[in-house]
Protein chains: 2
Amino acid sequence: MPSDKQKYWIGFDLGGTKMLAKVYDSDFTAVGSDRTKTRGNEGAEAGVERIKQTIRNALKNADVSVKQAAGIGVGCPGPLDLDLGVVLDTPNLGWQNVQLRKELQAEFGCPTFIVNDVDAGLYGEHRFGAAKGSRTSVGIFPGTGIGGGCIYEGKILRGRKSSCMEIGHVQVMPEGPRCGCGRRGCLEAVASRLSIASRAAMAAYCGQAPNLLKEAGTDLANIRSGALAAAIEAGDVVVESIVREAARHIGRAAANIVNLLAPDVVVLGGGLVEAMTELFVGEVENTARKRVLTSFKDTFTVVPASLGDDASVMGAAAWAQQEAKE
Amino acid sequence: MPSDKQKYWIGFDLGGTKMLAKVYDSDFTAVGSDRTKTRGNEGAEAGVERIKQTIRNALKNADVSVKQAAGIGVGCPGPLDLDLGVVLDTPNLGWQNVQLRKELQAEFGCPTFIVNDVDAGLYGEHRFGAAKGSRTSVGIFPGTGIGGGCIYEGKILRGRKSSCMEIGHVQVMPEGPRCGCGRRGCLEAVASRLSIASRAAMAAYCGQAPNLLKEAGTDLANIRSGALAAAIEAGDVVVESIVREAARHIGRAAANIVNLLAPDVVVLGGGLVEAMTELFVGEVENTARKRVLTSFKDTFTVVPASLGDDASVMGAAAWAQQEAKE
């Protein structure tokens with residue numbers, strides 16, 4: 001059984017479909033975890049109960065008592081009040097104004113920090129993964145949308161109350177296709193998995209992507225990152241050119257961000273990048289390096305995320321440690 | 001005569017044509033100054049001597065002894081090594097690898113900090129001017145080029161060694177006009193004074209801007225901000241539409257920066273903005289507010305710089321105070 005004097009940090013990842021709690025010792029070795037379905041439709045009150053129960057289960061699995069918990073970090077999607085630790089709105093779950101920090105502090109009696117899930121993931125990469133040792137790292141995570149984050153001098157870059165780095169909504173194509181946010185030509189509208197899948201589905205429907213058609217059909221719900229990668233592997237050159245074009249858009253956005261923030265490291269993560277790492281990292285790096293100011297040409301690297309699904313939960317726990325110290 | 005125990009901070013602004021030293025008391029009231037021509041063509045060694053002499057003259061004018069100088073802040077153009085305080089290259093002056101920090105510390109025996117001049121100006125606005133009290137401020141200063149800066153949680157946002165926020169080289173128009181940096185469609189290529197002047201000169205040449213033609217002719221060197229403002233005032237609607245289009249480009253870039261950095265305040269400064277404040281602030285604000293994510297719509301203001309020519313020199317002095325404290 002872990003020593004009573006040992007301090008443990010709890011990371012929590014609140015996703016649209018599942019929630020995950022993990023308990024870490026002070027070396028950030030995971031010593032126990034629990035996961036369950038989120039079931040957002042059962043409402044916020046039931047949801048908060050499930051969060052508490054999942055944390056209790058993880059502590060139990062780790063054989064760690066509540067008193068040994070030094071802090072909790074929660075990675076959440078959607079707009080947050082970072083100072084108050086309130087989940088303002090979760091489009092996926094339909095929860096509003098959930099006082100998550102207050103609830104968890106009351107339950108577990110330790111400092112609790114609520115943070116954007118993408119920021120948590122990048123902070124994980126900064127502390128333990130692909131961005132270790134960087135002064136400024138920028139994360140770009142293309143998925144259904146495109147998440148972004150920045151760690152600056154060891155801390156998550158943030159707005160006055162909320163998170164920032166909405167890279168998915170940087171405009172890269174004036175008068176480009178309509179984005180889910182209502183504006184036009186956002187990076188998300190031309191380079192997210194959803195945007196890639198919609199164009200790949202057209203190609204499949206028109207007979208230009210026979211392997212994709214056979215494997216995944218023309219339903220966007222089935223054209224996941226793995227299906228795109230498999231179709232390219234099997235020789236669907238049109239799918240490859242669609243994905244490469246999207247990656248180049250990300251590279252252009254990355255170049256602008258390098259010109260602004262001069263990061264040491266640009267971390268690419270998410271399902272698309274995991275499925276087609278070489279394609280994405282290569283295309284983004286080549287495009288960005290050609291387009292940054294000469295003085296920034298050799299000041300940054302583009303690397304794939306290295307912690308996988310654990311980045312957010314581990315990053316959230318480490319962020320709690322960072323913030324509890326202050 | 002100022003008390004011997006009083007501490008004084010020296011600000012220095014190294015410009016392409018003139019240099020300015022100002023001595024501030026601890027309340028940042030200016031108590032003395034000196035300015036002279038830079039004469040970059042006489043070389044770096046002579047230049048450093050002139051810098052020292054200008055500072056000595058300013059101290060003398062302020063009746064402050066060298067021993068009372070608590071720190072020196074120097075605002076410089078061009079790429080710098082911020083940690084070593086080295087001016088790496090000044091395209092305007094032809095100086096290279098000038099150990100300015102070392103030289104001034106040896107001469108005046110007080111901590112010296114070399115900082116980008118645009119950053120110094122925005123820091124001045126943050127401490128004493130238009131961005132006072134902000135958590136994150138972004139500065140956009142259209143002139144011959146377009147300078148940018150960011151103050152984040154009380155400090156100048158920076159790269160590993162050099163300054164960052166190269167807003168002038170954010171691409172706003174893919175395949176747009178060629179920029180001085182060699183790339184295409186940079187903000188500077190479509191919204192700097194030089195870019196505006198070049199299009200206004202065409203309009204003047206073609207008879208579409210009779211007032212501009214009469215006042216300034218078709219030579220870019222004469223089409224300064226004041227001439228553009230006067231032509232608009234006198235009814236040159238084509239000149240007005242050229243300037244408004246440039247301001248909208250700045251607004252689009254500002255929207256992207258708001259989506260990334262979530263500033264409280266966007267400060268607009270420089271000659272163009274001083275000459276046409278209402279036009280620029282209005283057009284940039286309207287364009288940006290329409291284009292940011294809904295969650296950022298009411299989180300920022302767009303304001304004109306308020307310290308004028310003093311921003312850089314005052315900001316450099318205040319930055320020396322900030323850094324000397326650390």
# chains A, B, ... in the order shown; residues from 1 in each chain; ligands from 1
call {"tool": "interface_residues", "arguments": {"of": "chain B", "to": "chain A", "cutoff": "7 Å", "atoms": "only C-alpha atoms", "output": "ChimeraX atom specification"}}
result
/B:135,159-160,164-167,169-171,183,256,259-263,291
call {"tool": "write_last_selection", "arguments": {"atoms": "C-alpha atoms", "output": "mmCIF file, in the first residue's frame"}}
result
data_model
loop_
_atom_site.group_PDB
_atom_site.id
_atom_site.type_symbol
_atom_site.label_atom_id
_atom_site.label_comp_id
_atom_site.auth_asym_id
_atom_site.auth_seq_id
_atom_site.Cartn_x
_atom_site.Cartn_y
_atom_site.Cartn_z
ATOM 1 C CA ARG B 135 -4.262 41.207 -18.743
ATOM 2 C CA GLY B 159 10.441 34.076 -28.326
ATOM 3 C CA ARG B 160 13.318 31.959 -27.032
ATOM 4 C CA CYS B 164 7.939 37.778 -31.594
ATOM 5 C CA MET B 165 4.497 39.043 -32.734
ATOM 6 C CA GLU B 166 5.523 39.710 -36.333
ATOM 7 C CA ILE B 167 1.980 40.780 -37.166
ATOM 8 C CA HIS B 169 4.058 39.076 -41.781
ATOM 9 C CA VAL B 170 0.883 37.195 -40.952
ATOM 10 C CA GLN B 171 -0.554 36.113 -44.270
ATOM 11 C CA ARG B 183 6.455 35.940 -49.356
ATOM 12 C CA ASN B 256 -7.414 35.998 -35.944
ATOM 13 C CA ASN B 259 -9.198 34.118 -31.583
ATOM 14 C CA LEU B 260 -5.676 33.039 -30.636
ATOM 15 C CA LEU B 261 -4.662 35.282 -27.737
ATOM 16 C CA ALA B 262 -7.998 36.572 -26.393
ATOM 17 C CA PRO B 263 -6.593 40.031 -25.588
ATOM 18 C CA ARG B 291 -15.105 37.947 -37.432
#
call {"tool": "select_by_dssp", "arguments": {"residues": "segment 46-257 of chain A", "states": "alpha helix (DSSP H)", "output": "PyMOL selection string"}}
result
chain A and resi 46-62+100-108+117-128+187-191+193-205+210-216+225-233+237-257
call {"tool": "residues_around", "arguments": {"residues": "Ser225 of chain A", "least_positions_apart": "2", "cutoff": "7 Å", "atoms": "only C-alpha atoms", "output": "list of chain:residue names"}}
result
A:Ile223, A:Ala227, A:Leu228, A:Ala229, A:Gly271, A:Leu272, A:Ala275
call {"tool": "closest_residue", "arguments": {"among": "A:Ile156, A:Ala316, A:Glu188, A:Glu233", "to": "Ile10 of chain A", "atoms": "only C-alpha atoms"}}
result
A:Ala316
call {"tool": "atom_distance", "arguments": {"atom1": "atom CA of Thr38 of chain A", "atom2": "atom CA of Glu215 of chain A"}}
result
29.7 Å
call {"tool": "closest_residue", "arguments": {"among": "A:Ile196, A:Leu268, A:Val118, A:Ala230", "to": "Ala246 of chain A", "atoms": "only C-alpha atoms"}}
result
A:Ile196
call {"tool": "select_by_dssp", "arguments": {"residues": "segment 114-292 of chain A", "states": "strand (DSSP E or B)", "output": "PyMOL selection string"}}
result
chain A and resi 114-116+136-142+146-152+155-156+158+163+171+178+184+186+265-268
call {"tool": "residues_around", "arguments": {"residues": "Arg56 of chain B", "least_positions_apart": "6", "cutoff": "10 Å", "atoms": "only C-alpha atoms", "output": "JSON, numbers by chain"}}
result
{"B": [21, 33, 34, 50, 62, 64, 65, 66, 107, 108]}
call {"tool": "write_last_selection", "arguments": {"atoms": "C-alpha atoms", "output": "tab-separated table (two decimals), in the first residue's frame"}}
result
chain	number	residue	atom	x	y	z
B	21	ALA	CA	17.31	59.49	-24.18
B	33	SER	CA	16.18	64.33	-22.01
B	34	ASP	CA	18.46	64.65	-24.99
B	50	ARG	CA	26.74	58.79	-29.56
B	62	ALA	CA	18.01	66.21	-15.54
B	64	VAL	CA	20.92	63.44	-12.09
B	65	SER	CA	24.26	61.76	-11.41
B	66	VAL	CA	25.30	58.50	-13.03
B	107	GLU	CA	29.70	52.85	-18.94
B	108	PHE	CA	26.90	53.60	-16.49
call {"tool": "residues_around", "arguments": {"residues": "Ala30 of chain A", "least_positions_apart": "3", "cutoff": "10 Å", "atoms": "only C-alpha atoms", "output": "list in words"}}
result
Tyr8, Trp9, Ile10, Gly11, Lys22, Val23, Tyr24, Asp25, Ser26, Asp27, Ser33, Ala62 and Met314 of chain A
call {"tool": "residues_around", "arguments": {"residues": "Thr287 of chain B", "least_positions_apart": "3", "cutoff": "6 Å", "atoms": "only C-alpha atoms", "output": "ChimeraX atom specification"}}
result
/B:248,251,284,290
call {"tool": "closest_residue", "arguments": {"among": "A:Gly269, A:Gln99, A:Lys37, A:Gly133", "to": "Gly308 of chain A", "atoms": "only C-alpha atoms"}}
result
A:Gly269
